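A.B. asks: Contents of input_37.txt (compact mmCIF, C-alpha atoms):
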# COMPACT_ATOMS: atom_id res chain seq x y z
CA MET A 228 118.72 68.92 151.24
CA ASN A 229 118.14 71.44 154.03
CA ILE A 230 118.09 68.79 156.75
CA LYS A 231 119.73 69.29 160.14
CA LYS A 232 121.78 66.45 161.57
CA ALA A 233 119.48 64.55 163.91
CA ILE A 234 121.32 64.67 167.26
CA LEU A 235 118.51 63.04 169.13
CA PHE A 236 119.51 62.12 172.61
CA SER A 237 121.18 65.39 173.54
CA LEU A 238 117.82 67.00 172.90
CA LEU A 239 115.99 64.28 174.75
CA VAL A 240 117.93 64.96 177.93
CA VAL A 241 117.02 68.62 177.82
CA ALA A 242 113.37 68.00 177.06
CA GLY A 243 112.87 64.95 179.26
CA THR A 244 111.10 64.73 182.58
CA THR A 245 113.09 63.77 185.66
CA ALA A 246 114.31 60.22 185.96
CA PHE A 247 112.17 59.57 189.02
CA ALA A 248 108.98 60.38 187.16
CA GLN A 249 109.63 57.97 184.32
CA SER A 250 108.25 54.48 184.08
CA SER A 251 110.70 51.67 183.50
CA ASN A 252 109.44 51.16 179.93
CA LEU A 253 109.93 54.79 179.02
CA ARG A 254 113.44 54.65 180.49
CA LYS A 255 114.20 51.45 178.56
CA ALA A 256 112.98 52.99 175.33
CA LYS A 257 115.14 56.05 175.85
CA ALA A 258 118.14 53.90 176.70
CA GLY A 259 117.73 51.82 173.54
CA LEU A 260 117.32 54.94 171.46
CA GLN A 261 120.44 56.43 173.04
CA LYS A 262 122.51 53.35 172.17
CA PHE A 263 121.29 53.51 168.59
CA GLN A 264 122.10 57.22 168.49
CA GLU A 265 125.63 56.54 169.68
CA LEU A 266 126.12 54.01 166.89
CA GLN A 267 124.65 56.46 164.40
CA GLY A 268 127.10 59.09 165.59
CA ASN A 269 129.99 56.81 164.61
CA ASN A 270 129.07 57.28 160.91
CA LEU A 271 128.90 53.56 160.30
CA PRO A 272 127.97 52.25 156.84
CA ALA A 273 124.21 51.74 156.48
CA GLU A 274 124.44 47.93 156.43
CA GLN A 275 126.62 47.82 159.55
CA LEU A 276 124.39 50.32 161.35
CA ALA A 277 121.35 48.19 160.52
CA GLN A 278 123.07 45.06 161.79
CA LEU A 279 124.36 46.55 165.05
CA GLY A 280 121.58 49.02 165.80
CA LYS A 281 118.51 46.97 164.98
CA LYS A 282 118.54 45.15 168.32
CA ASP A 283 118.64 48.42 170.27
CA LEU A 284 115.78 49.91 168.24
CA GLU A 285 113.66 46.76 168.51
CA GLY A 286 114.18 46.77 172.30
CA ALA A 287 113.25 50.43 172.40
CA LYS A 288 110.13 49.73 170.31
CA GLU A 289 109.01 46.91 172.59
CA ALA A 290 109.38 49.17 175.62
CA ILE A 291 107.72 52.23 174.11
CA ASP A 292 104.82 50.15 172.77
CA ALA A 293 104.13 49.20 176.37
CA ALA A 294 104.56 52.79 177.58
CA ILE A 295 101.91 54.22 175.24
CA THR A 296 99.26 51.97 176.87
CA HIS A 297 100.40 52.37 180.49
CA ASP A 298 98.21 54.66 182.61
CA LYS A 299 101.23 56.46 184.01
CA THR A 300 102.78 57.35 180.63
CA LYS A 301 100.12 57.11 177.92
CA ASP A 302 99.18 60.80 178.23
CA ASP A 303 102.75 62.07 178.55
CA PRO A 304 103.92 63.99 175.43
CA GLU A 305 107.42 62.63 175.97
CA THR A 306 106.13 59.06 175.58
CA TRP A 307 104.69 59.86 172.18
CA THR A 308 107.80 61.83 171.22
CA ILE A 309 109.98 58.78 171.92
CA TYR A 310 107.43 56.60 170.13
CA ALA A 311 107.72 58.87 167.06
CA LEU A 312 111.53 58.88 167.17
CA VAL A 313 111.88 55.13 167.60
CA ASN A 314 109.49 54.37 164.75
CA ALA A 315 110.94 57.07 162.49
CA ASN A 316 114.38 55.50 162.90
CA LEU A 317 112.95 52.04 162.29
CA ALA A 318 111.20 53.25 159.15
CA THR A 319 114.51 54.60 157.83
CA LEU A 320 116.50 51.55 158.89
CA GLU A 321 114.07 48.94 157.54
CA LYS A 322 112.24 50.96 154.87
CA SER A 323 109.07 50.07 156.75
CA ALA A 324 105.77 51.72 155.80
CA GLU A 325 104.24 50.36 159.02
CA ALA A 326 106.89 52.06 161.14
CA GLU A 327 106.39 55.25 159.15
CA GLN A 328 102.67 55.25 159.96
CA ALA A 329 103.42 54.66 163.62
CA ALA A 330 105.90 57.55 163.63
CA GLU A 331 103.29 59.82 162.03
CA GLU A 332 100.81 58.88 164.74
CA GLY A 333 103.44 59.62 167.39
CA ILE A 334 104.19 63.03 165.92
CA GLN A 335 100.51 63.97 165.82
CA LYS A 336 99.82 62.89 169.39
CA ALA A 337 103.03 64.35 170.81
CA THR A 338 102.32 67.67 169.10
CA ALA A 339 98.76 67.77 170.47
CA MET A 340 99.93 66.99 174.03
CA ASP A 341 103.04 69.17 174.10
CA SER A 342 101.29 72.35 175.20
CA ASP A 343 104.40 73.96 176.71
CA GLY A 344 106.67 73.07 173.75
CA LYS A 345 109.22 71.13 175.80
CA HIS A 346 109.44 68.42 173.17
CA LYS A 347 109.11 70.62 170.10
CA GLU A 348 112.69 70.11 168.91
CA ASN A 349 112.57 66.32 169.25
CA ILE A 350 109.20 66.17 167.48
CA ALA A 351 110.79 68.19 164.68
CA VAL A 352 113.68 65.70 164.51
CA ALA A 353 111.21 62.83 164.13
CA GLY A 354 109.62 64.77 161.27
CA GLN A 355 113.02 65.30 159.66
CA LEU A 356 113.66 61.58 159.81
CA LEU A 357 110.35 60.88 158.10
CA GLY A 358 111.19 63.52 155.52
CA GLN A 359 114.49 61.77 154.80
CA PHE A 360 112.74 58.41 154.67
CA ASN A 361 110.18 59.63 152.15
CA PHE A 362 112.86 61.34 150.08
CA GLY A 363 114.68 58.02 149.82
CA GLN A 364 111.48 56.22 148.87
CA GLY A 365 110.68 58.86 146.29
CA ALA A 366 114.17 58.64 144.82
CA ASP A 367 113.81 54.87 144.48
CA ALA A 368 110.47 55.29 142.69
CA PHE A 369 111.95 58.00 140.42
CA ASN A 370 114.89 55.77 139.48
CA ASN A 371 112.40 52.99 138.70
CA GLN A 372 110.52 55.45 136.46
CA ASP A 373 107.43 55.28 138.66
CA TYR A 374 107.00 59.03 138.51
CA GLU A 375 103.49 59.17 139.95
CA THR A 376 104.62 57.41 143.13
CA ALA A 377 107.77 59.53 143.22
CA TYR A 378 105.75 62.75 143.09
CA THR A 379 103.38 61.57 145.84
CA THR A 380 106.25 60.47 148.06
CA PHE A 381 108.30 63.63 147.56
CA ASN A 382 105.21 65.63 148.51
CA ARG A 383 104.80 63.58 151.65
CA ALA A 384 108.42 64.38 152.51
CA LEU A 385 107.65 68.07 152.02
CA ASN A 386 105.05 67.83 154.79
CA TYR A 387 107.98 67.28 157.16
CA LEU A 388 110.58 69.38 155.33
CA PRO A 389 108.56 72.30 153.94
CA GLY A 390 110.44 74.48 151.52
CA ASP A 391 113.33 72.05 151.06
CA THR A 392 114.76 73.03 147.67
CA THR A 393 115.96 69.58 146.65
CA LEU A 394 112.58 68.05 147.41
CA LEU A 395 110.73 70.82 145.57
CA TYR A 396 112.97 70.35 142.54
CA TYR A 397 112.66 66.57 142.37
CA SER A 398 108.94 66.80 143.03
CA GLY A 399 108.70 69.11 140.02
CA LEU A 400 110.84 66.78 137.89
CA ALA A 401 108.64 63.82 138.80
CA ALA A 402 105.53 65.80 137.84
CA ILE A 403 107.14 66.74 134.51
CA GLN A 404 107.96 63.12 133.74
CA ASN A 405 104.35 62.26 134.55
CA GLN A 406 103.18 65.12 132.28
CA ASP A 407 101.47 66.65 135.29
CA TYR A 408 102.28 70.19 134.24
CA PRO A 409 100.11 72.09 136.78
CA ASN A 410 101.90 70.46 139.71
CA ALA A 411 105.30 70.81 138.03
CA ILE A 412 104.59 74.52 137.60
CA LYS A 413 103.51 74.81 141.23
CA ARG A 414 106.77 73.30 142.51
CA TYR A 415 108.97 75.31 140.16
CA GLU A 416 107.24 78.54 141.13
CA GLU A 417 108.01 77.77 144.77
CA LEU A 418 111.68 77.65 143.84
CA ILE A 419 111.77 81.07 142.17
CA PRO A 420 112.58 82.98 145.41
CA GLN A 421 115.36 80.46 146.22
CA LYS A 422 118.06 82.19 144.20
CA GLU A 423 120.88 80.35 145.96
CA PHE A 424 119.55 76.97 144.82
CA SER A 425 122.04 75.35 142.45
CA GLN A 426 119.37 74.62 139.80
CA HIS A 427 117.70 78.02 140.01
CA LYS A 428 118.64 79.04 136.46
CA ALA A 429 117.37 75.74 135.03
CA VAL A 430 114.09 76.23 136.90
CA MET A 431 113.66 79.77 135.57
CA VAL A 432 114.46 78.77 131.98
CA ASP A 433 112.27 75.64 132.04
CA LEU A 434 109.22 77.23 133.66
CA PRO A 435 108.03 78.99 130.47
CA LYS A 436 108.25 75.65 128.63
CA LEU A 437 106.02 74.08 131.28
CA TYR A 438 103.47 76.84 130.81
CA LEU A 439 103.55 76.23 127.06
CA SER A 440 102.98 72.51 127.69
CA ALA A 441 100.00 73.51 129.83
CA LYS A 442 98.81 75.72 126.92
CA ASP A 443 99.16 78.88 129.00
CA THR A 444 100.88 81.27 126.62
CA THR A 445 100.28 84.33 128.78
CA ASN A 446 102.28 82.99 131.71
CA ALA A 447 104.86 81.45 129.38
CA LEU A 448 105.61 84.93 128.06
CA GLU A 449 105.64 86.43 131.54
CA TYR A 450 108.09 83.90 132.96
CA ALA A 451 110.26 83.92 129.83
CA ALA A 452 110.72 87.64 130.38
CA LYS A 453 111.52 87.05 134.06
CA ALA A 454 114.11 84.39 133.18
CA ALA A 455 115.78 86.70 130.65
CA ALA A 456 115.84 89.54 133.17
CA GLU A 457 117.21 87.31 135.94
CA TYR A 458 119.91 85.78 133.71
CA PRO A 459 120.62 88.36 130.99
CA GLU A 460 123.87 86.67 129.93
CA ASP A 461 122.29 83.25 129.51
CA ASN A 462 121.76 82.46 125.84
CA ASP A 463 118.94 79.95 126.39
CA ALA A 464 116.94 82.35 128.56
CA SER A 465 117.32 85.27 126.16
CA VAL A 466 116.66 83.30 122.99
CA GLN A 467 113.61 81.65 124.55
CA ASN A 468 112.20 85.06 125.46
CA ILE A 469 112.77 86.29 121.91
CA GLU A 470 111.31 83.18 120.29
CA LEU A 471 108.19 83.13 122.46
CA ASN A 472 107.48 86.76 121.70
CA LEU A 473 107.99 86.14 118.00
CA MET A 474 105.74 83.06 118.11
CA THR A 475 102.96 85.11 119.63
CA GLY A 476 103.26 87.96 117.19
CA ASN A 477 105.17 90.31 119.48
CA GLU A 478 107.98 91.02 117.01
CA ALA A 479 107.81 94.77 117.42
CA LYS A 480 107.77 94.53 121.21
CA ILE A 481 110.77 92.24 121.59
CA ILE A 482 112.84 94.17 119.04
CA THR A 483 111.96 97.42 120.79
CA ASP A 484 112.85 95.89 124.18
CA ILE A 485 116.27 94.82 122.93
CA GLU A 486 116.94 98.15 121.25
CA ASN A 487 115.99 99.95 124.47
CA GLN A 488 118.51 97.80 126.32
CA ILE A 489 121.15 98.60 123.71
CA ALA A 490 120.51 102.30 124.27
CA LYS A 491 121.46 101.74 127.92
CA ASP A 492 124.34 99.34 127.24
CA ALA A 493 125.73 100.02 123.79
CA ASP A 494 128.82 97.83 124.23
CA ASN A 495 126.91 94.67 125.14
CA LYS A 496 127.71 92.25 122.33
CA ALA A 497 125.00 89.79 123.45
CA LEU A 498 122.26 92.38 122.97
CA TYR A 499 123.24 92.86 119.31
CA TYR A 500 123.37 89.08 118.89
CA TYR A 501 119.86 88.72 120.30
CA LEU A 502 118.67 91.60 118.14
CA GLY A 503 120.03 89.73 115.12
CA ILE A 504 118.07 86.62 116.16
CA ALA A 505 114.91 88.70 116.55
CA TYR A 506 115.31 90.30 113.13
CA SER A 507 116.15 86.94 111.52
CA ALA A 508 113.03 85.39 112.99
CA SER A 509 110.94 88.25 111.64
CA ASP A 510 112.48 87.77 108.15
CA ASN A 511 114.41 91.03 108.16
CA ASN A 512 117.77 89.64 107.04
CA ASP A 513 119.40 92.99 106.29
CA LYS A 514 118.75 94.24 109.82
CA ALA A 515 119.82 90.88 111.25
CA ILE A 516 123.15 90.94 109.41
CA GLU A 517 123.73 94.52 110.55
CA ALA A 518 123.14 93.47 114.19
CA TYR A 519 125.42 90.42 113.95
CA LYS A 520 128.16 92.53 112.38
CA LYS A 521 127.92 94.98 115.28
CA ALA A 522 128.30 92.13 117.77
CA VAL A 523 131.43 90.97 115.93
CA GLU A 524 132.82 94.51 115.90
CA ILE A 525 132.61 94.53 119.68
CA ASP A 526 134.12 91.04 119.98
CA PRO A 527 135.76 89.60 116.83
CA ASN A 528 135.97 86.20 118.55
CA TYR A 529 132.23 86.03 119.31
CA ILE A 530 131.71 82.68 117.61
CA GLU A 531 127.91 82.62 117.75
CA ALA A 532 127.64 86.05 116.11
CA ASN A 533 130.19 85.10 113.43
CA LYS A 534 128.28 81.89 112.77
CA ASN A 535 124.89 83.60 112.52
CA ALA A 536 126.24 86.43 110.38
CA SER A 537 127.67 84.01 107.82
CA ALA A 538 124.59 81.79 107.88
CA THR A 539 122.19 84.71 107.38
CA ILE A 540 124.21 86.08 104.45
CA ILE A 541 124.47 82.64 102.84
CA ASN A 542 120.78 81.90 103.33
CA SER A 543 119.84 85.23 101.81
CA VAL A 544 121.95 84.49 98.72
CA ARG A 545 120.58 80.96 98.53
CA ASN A 546 117.02 82.29 98.52
CA GLN A 547 117.87 84.67 95.69
CA LEU A 548 119.56 81.86 93.75
CA ASN A 549 116.49 79.64 94.18
CA ALA A 550 114.34 82.47 92.85
CA LEU A 551 116.64 82.80 89.84
CA ASN A 552 116.43 79.08 89.16
CA ASP A 553 112.65 79.25 89.28
CA ASP A 554 112.48 82.24 86.91
CA LYS A 555 111.96 80.71 83.48
CA THR A 556 111.79 84.11 81.79
CA LEU A 557 115.51 84.85 82.19
CA SER A 558 117.84 84.44 79.24
CA ASN A 559 121.06 82.52 79.76
CA ASN A 560 123.07 85.74 79.68
CA ASP A 561 120.82 87.45 82.22
CA TYR A 562 120.94 84.37 84.46
CA SER A 563 124.75 84.22 84.32
CA THR A 564 125.04 87.94 85.07
CA LYS A 565 122.82 87.67 88.13
CA VAL A 566 124.67 84.59 89.42
CA GLU A 567 127.93 86.53 89.18
CA GLU A 568 126.32 89.32 91.18
CA LEU A 569 125.35 86.79 93.86
CA LYS A 570 128.91 85.48 93.92
CA GLU A 571 130.08 88.97 94.80
CA GLN A 572 127.34 89.41 97.34
CA ILE A 573 128.14 86.20 99.19
CA LYS A 574 131.81 87.14 99.59
CA VAL A 575 130.78 89.19 102.62
CA ALA A 576 130.13 85.91 104.45
CA LEU A 577 133.64 84.50 103.97
CA PRO A 578 135.46 86.38 106.79
CA TYR A 579 132.81 85.28 109.27
CA LEU A 580 132.91 81.66 108.10
CA GLU A 581 136.69 81.61 108.27
CA LYS A 582 136.58 83.04 111.78
CA VAL A 583 134.21 80.31 112.95
CA VAL A 584 136.55 77.64 111.59
CA GLU A 585 139.55 79.39 113.12
CA LEU A 586 137.87 79.50 116.54
CA ASP A 587 136.59 75.93 116.30
CA PRO A 588 138.51 73.87 113.72
CA LYS A 589 136.44 70.79 114.60
CA ASP A 590 133.09 72.37 113.72
CA VAL A 591 132.07 70.07 110.86
CA ASP A 592 128.94 72.08 110.06
CA ALA A 593 130.99 75.26 109.67
CA LEU A 594 133.44 73.42 107.41
CA LYS A 595 130.57 72.12 105.28
CA SER A 596 129.25 75.67 104.92
CA LEU A 597 132.73 76.83 103.94
CA LYS A 598 132.98 74.06 101.33
CA GLY A 599 129.56 75.06 99.98
CA TYR A 600 130.82 78.62 99.67
CA TYR A 601 133.87 77.49 97.67
CA ASP A 602 131.70 75.23 95.51
CA PHE A 603 129.47 78.17 94.64
CA GLN A 604 132.53 80.26 93.82
CA GLN A 605 133.82 77.33 91.72
CA ASN A 606 137.08 77.34 93.67
CA GLU A 607 137.93 73.66 93.26
CA GLU A 608 141.27 73.83 95.10
CA LYS A 609 139.79 75.40 98.24
CA SER A 610 136.76 73.12 98.06
CA ALA A 611 138.96 69.99 97.96
CA GLU A 612 141.13 71.30 100.77
CA THR A 613 138.07 71.90 102.96
CA GLN A 614 136.57 68.51 102.09
CA ALA A 615 139.81 66.84 103.24
CA LYS A 616 139.45 68.56 106.64
CA ILE A 617 135.86 67.35 106.93
CA GLU A 618 136.82 63.78 106.12
CA ALA A 619 139.70 63.86 108.61
CA LEU A 620 137.29 64.86 111.39
CA GLN A 621 134.78 62.15 110.43
CA GLN A 622 137.27 59.27 110.51
Output the structure of this file as structure tokens.

C.D. replies:
Amino acid sequence: MNIKKAILFSLLVVAGTTAFAQSSNLRKAKAGLQKFQELQGNNLPAEQLAQLGKKDLEGAKEAIDAAITHDKTKDDPETWTIYALVNANLATLEKSAEAEQAAEEGIQKATAMDSDGKHKENIAVAGQLLGQFNFGQGADAFNNQDYETAYTTFNRALNYLPGDTTLLYYSGLAAIQNQDYPNAIKRYEELIPQKEFSQHKAVMVDLPKLYLSAKDTTNALEYAAKAAAEYPEDNDASVQNIELNLMTGNEAKIITDIENQIAKDADNKALYYYLGIAYSASDNNDKAIEAYKKAVEIDPNYIEANKNASATIINSVRNQLNALNDDKTLSNNDYSTKVEELKEQIKVALPYLEKVVELDPKDVDALKSLKGYYDFQQNEEKSAETQAKIEALQQ
């Protein structure tokens, strides 16, 4: 989270009025707060801090409660600043909603009275403490799967820590879990400019899905394109952009877009891979195979392209075989001749299948495809050998 360390008392000394002008209660409250701050600065475990520091904070609260009603101090912005700080710390220490409300009141009154801005930094620290408090409360609700409360509480924290990337992200996640897609979209969109945020790519890739869930196809397409442009090497972003365009009947557009990119970057293996996906999705297997082959030419160890090339070839042959089986007009001789032709045709897939298995010997699906190939070719020895490898992996 983008939260500054709350070094309270050093700021209080700078912003405070002179000692002679302070009432005894205001001085007592500041002294108690200082003692608590000193303990806090020792980085004690939370339980030990609560045990040792509670007395100092309670003493400070008793004193500041008196100061906010005293004629001499009730209209002093410093009084309300200390009141906000004491209660904000108590809220955090005791997880007290009552103390949180008191701290909010203190912040509002201190801000209204602090016309010259002397206490601005300390008021901000009180707000940071309330932001941290609400983040903790929201996290507890999220972990308890109370996503509606989590979203509300994270949003309250954002009032004190506007733009905090962690809060925006978890607020969006809570909204997603609650199927509140408009608010999830709102939070994720706020994160788009925050390119240094660790989850930025996930946000960009997931945003189009949120728009689809909200039945907004136009924006889903727009943000899918943005995600693919922002992360051109990310498979999920690129495939999502292709699939969304294909789903919405934009086959020609997405294929043209990829081909235009290839014209600028002809040695980019990923572009040919994505072009193969686009052609496969639009039922143009010949063009898809051609694109996958080009990707493999650029990088023979490109496992995804090898896998898709073999799968597309095999699926094409399978479709033709199914058509043969359904054709009752063929004589036995004609049927056998055409099957032999398919056996020759499917041989093109073998080098790609073998490469996939070479690159990932534990890929059971690839081994099953390889066994299916050998079964079709009636190569019993190779089929048995491949089956043994499958069984060894499944033990």

A.B. asks: I'd like the interatomic distance between atom CA of A:Lys288 and atom CA of A:Lys255, to a tenth of an Å.

C.D. replies: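 That distance, rounded to one decimal, is 9.4 Å.
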
A.B. asks: Which residue, A:Gly354, A:Pro578, A:Pro420, A:Gly503, has the smallest gap to A:Pro527 when you use all atoms listed in the file?

C.D. replies: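 That would be A:Pro578, the residue with the smallest distance to A:Pro527.
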
A.B. asks: Calculated over only C-alpha atoms, which of the candidates A:Glu327, A:Asp561, A:Asp373, A:Glu460 has the smallest distance to A:Leu356?

C.D. replies: A:Glu327

A.B. asks: For A:Leu439, list every protein, DNA or RNA residue within 12 Å, evaluated using all atoms listed in the file, and leave out those in the same chain fewer than 2 positions away; present the list as a PyMOL selection string.

C.D. replies: chain A and resi 408-409+412+433-437+441-451+467+471+474-475

A.B. asks: Write out as a PDB file with C-alpha atoms, keeping the file's coordinate frame each polymer residue whose atoms come within 12 Å of A:Ala456, counting only C-alpha atoms; drop sequence neighbours fewer than 5 positions from it.

C.D. replies:
ATOM      1  CA  LYS A 428     118.640  79.040 136.460  1.00  0.00           C
ATOM      2  CA  MET A 431     113.660  79.770 135.570  1.00  0.00           C
ATOM      3  CA  VAL A 432     114.460  78.770 131.980  1.00  0.00           C
ATOM      4  CA  GLU A 449     105.640  86.430 131.540  1.00  0.00           C
ATOM      5  CA  TYR A 450     108.090  83.900 132.960  1.00  0.00           C
ATOM      6  CA  ALA A 451     110.260  83.920 129.830  1.00  0.00           C
ATOM      7  CA  ASP A 461     122.290  83.250 129.510  1.00  0.00           C
ATOM      8  CA  ASN A 462     121.760  82.460 125.840  1.00  0.00           C
ATOM      9  CA  ALA A 464     116.940  82.350 128.560  1.00  0.00           C
ATOM     10  CA  SER A 465     117.320  85.270 126.160  1.00  0.00           C
ATOM     11  CA  VAL A 466     116.660  83.300 122.990  1.00  0.00           C
ATOM     12  CA  GLN A 467     113.610  81.650 124.550  1.00  0.00           C
ATOM     13  CA  ASN A 468     112.200  85.060 125.460  1.00  0.00           C
ATOM     14  CA  ASP A 484     112.850  95.890 124.180  1.00  0.00           C
ATOM     15  CA  ILE A 485     116.270  94.820 122.930  1.00  0.00           C
ATOM     16  CA  GLN A 488     118.510  97.800 126.320  1.00  0.00           C
TER      17      GLN A 488
END

A.B. asks: Any idea what the distance is between atom CA of A:Asn386 and atom CA of A:Asn361?

C.D. replies: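 Atom-to-atom, atom CA of A:Asn386 to atom CA of A:Asn361, that is 10.0 Å.
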
A.B. asks: State, in Å with one decimal place, the distance from atom CA of A:Ser398 to atom CA of A:Leu385.

C.D. replies: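 Spanning atom CA of A:Ser398 to atom CA of A:Leu385 is a straight-line distance of 9.2 Å.
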
A.B. asks: Mind checking which residues fall within 10 Å of A:Gly344, counting all atoms listed in the file, ignoring those fewer than 6 positions away in the same chain, and posting them as an MDAnalysis selection string?

C.D. replies: chainID A and resid 242 304 337:338 350

A.B. asks: Okay, now the selection with C-alpha atoms, as an mmCIF file, in the frame of the given file?

C.D. replies:
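Result written to part18.cif:
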data_model
loop_
_atom_site.group_PDB
_atom_site.id
_atom_site.type_symbol
_atom_site.label_atom_id
_atom_site.label_comp_id
_atom_site.auth_asym_id
_atom_site.auth_seq_id
_atom_site.Cartn_x
_atom_site.Cartn_y
_atom_site.Cartn_z
ATOM 1 C CA ALA A 242 113.370 68.000 177.060
ATOM 2 C CA PRO A 304 103.920 63.990 175.430
ATOM 3 C CA ALA A 337 103.030 64.350 170.810
ATOM 4 C CA THR A 338 102.320 67.670 169.100
ATOM 5 C CA ILE A 350 109.200 66.170 167.480
#

A.B. asks: Which residue, A:Glu607, A:Glu524, A:Asp367, A:Glu486, has the smallest gap to A:Ala401 when you use all atoms listed in the file?

C.D. replies: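 When distances to A:Ala401 are compared using all atoms listed in the file, the smallest one comes from A:Asp367.
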
A.B. asks: Identify which of the residues A:Tyr601, A:Tyr562, A:Tyr501, A:Tyr378 lies closest to A:Leu577, counting all atoms listed in the file when measuring atom-to-atom distances.

C.D. replies: A:Tyr601

A.B. asks: Could you check the closest approach to A:Gly390 for each of A:Glu478, A:Glu416, A:Asp554, A:Asp283 and tell me which residue wins, using all atoms listed in the file?

C.D. replies: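 Residue with the minimum atom-to-atom distance to A:Gly390: A:Glu416.
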
A.B. asks: Give me, as an MDAnalysis selection string, all polymer residues having an atom no more than 9 Å from A:Lys565, counting only C-alpha atoms and skipping those fewer than 5 positions away in the same chain.

C.D. replies: chainID A and resid 548 551 560 570

A.B. asks: Using only C-alpha atoms, can you tell me which of A:Lys534, A:Lys598, A:Lys491, A:Lys521 comes closest to A:Lys582?

C.D. replies: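 Among A:Lys534, A:Lys598, A:Lys491, A:Lys521, it is A:Lys534 that comes nearest to A:Lys582.
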
A.B. asks: Any idea what's packed within 9 Å of A:Ser596, counting only C-alpha atoms, ignoring anything in its chain fewer than 2 positions away? Could you give it as a PyMOL selection string?

C.D. replies: chain A and resi 537-538+541+580+591-594+598-601

A.B. asks: Since the input has fewer atoms than a full residue there, write stretch 537-548 of chain A out with N, CA, C and O atoms, as a compact mmCIF listing (two decimals), keeping the file's coordinate frame.

C.D. replies:
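Now in out.txt:
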# COMPACT_ATOMS: atom_id res chain seq x y z
N SER A 537 127.39 84.74 109.06
CA SER A 537 127.67 84.01 107.82
C SER A 537 126.46 83.24 107.34
O SER A 537 126.14 83.24 106.14
N ALA A 538 125.75 82.59 108.26
CA ALA A 538 124.59 81.79 107.88
C ALA A 538 123.48 82.66 107.29
O ALA A 538 122.83 82.28 106.30
N THR A 539 123.26 83.83 107.88
CA THR A 539 122.19 84.71 107.38
C THR A 539 122.53 85.24 105.99
O THR A 539 121.65 85.31 105.11
N ILE A 540 123.79 85.60 105.78
CA ILE A 540 124.21 86.08 104.45
C ILE A 540 124.06 84.96 103.42
O ILE A 540 123.51 85.17 102.33
N ILE A 541 124.55 83.77 103.77
CA ILE A 541 124.47 82.64 102.84
C ILE A 541 123.03 82.27 102.53
O ILE A 541 122.67 82.03 101.37
N ASN A 542 122.20 82.24 103.55
CA ASN A 542 120.78 81.90 103.33
C ASN A 542 120.08 82.92 102.45
O ASN A 542 119.24 82.57 101.61
N SER A 543 120.44 84.18 102.64
CA SER A 543 119.84 85.23 101.81
C SER A 543 120.22 85.04 100.34
O SER A 543 119.37 85.15 99.44
N VAL A 544 121.50 84.73 100.10
CA VAL A 544 121.95 84.49 98.72
C VAL A 544 121.31 83.23 98.16
O VAL A 544 120.89 83.19 96.99
N ARG A 545 121.20 82.20 98.99
CA ARG A 545 120.58 80.96 98.53
C ARG A 545 119.14 81.20 98.10
O ARG A 545 118.68 80.67 97.08
N ASN A 546 118.41 81.98 98.88
CA ASN A 546 117.02 82.29 98.52
C ASN A 546 116.93 83.01 97.18
O ASN A 546 116.04 82.74 96.35
N GLN A 547 117.87 83.93 96.97
CA GLN A 547 117.87 84.67 95.69
C GLN A 547 118.24 83.74 94.54
O GLN A 547 117.68 83.84 93.43
N LEU A 548 119.16 82.81 94.78
CA LEU A 548 119.56 81.86 93.75
C LEU A 548 118.39 80.94 93.39
O LEU A 548 118.16 80.64 92.21
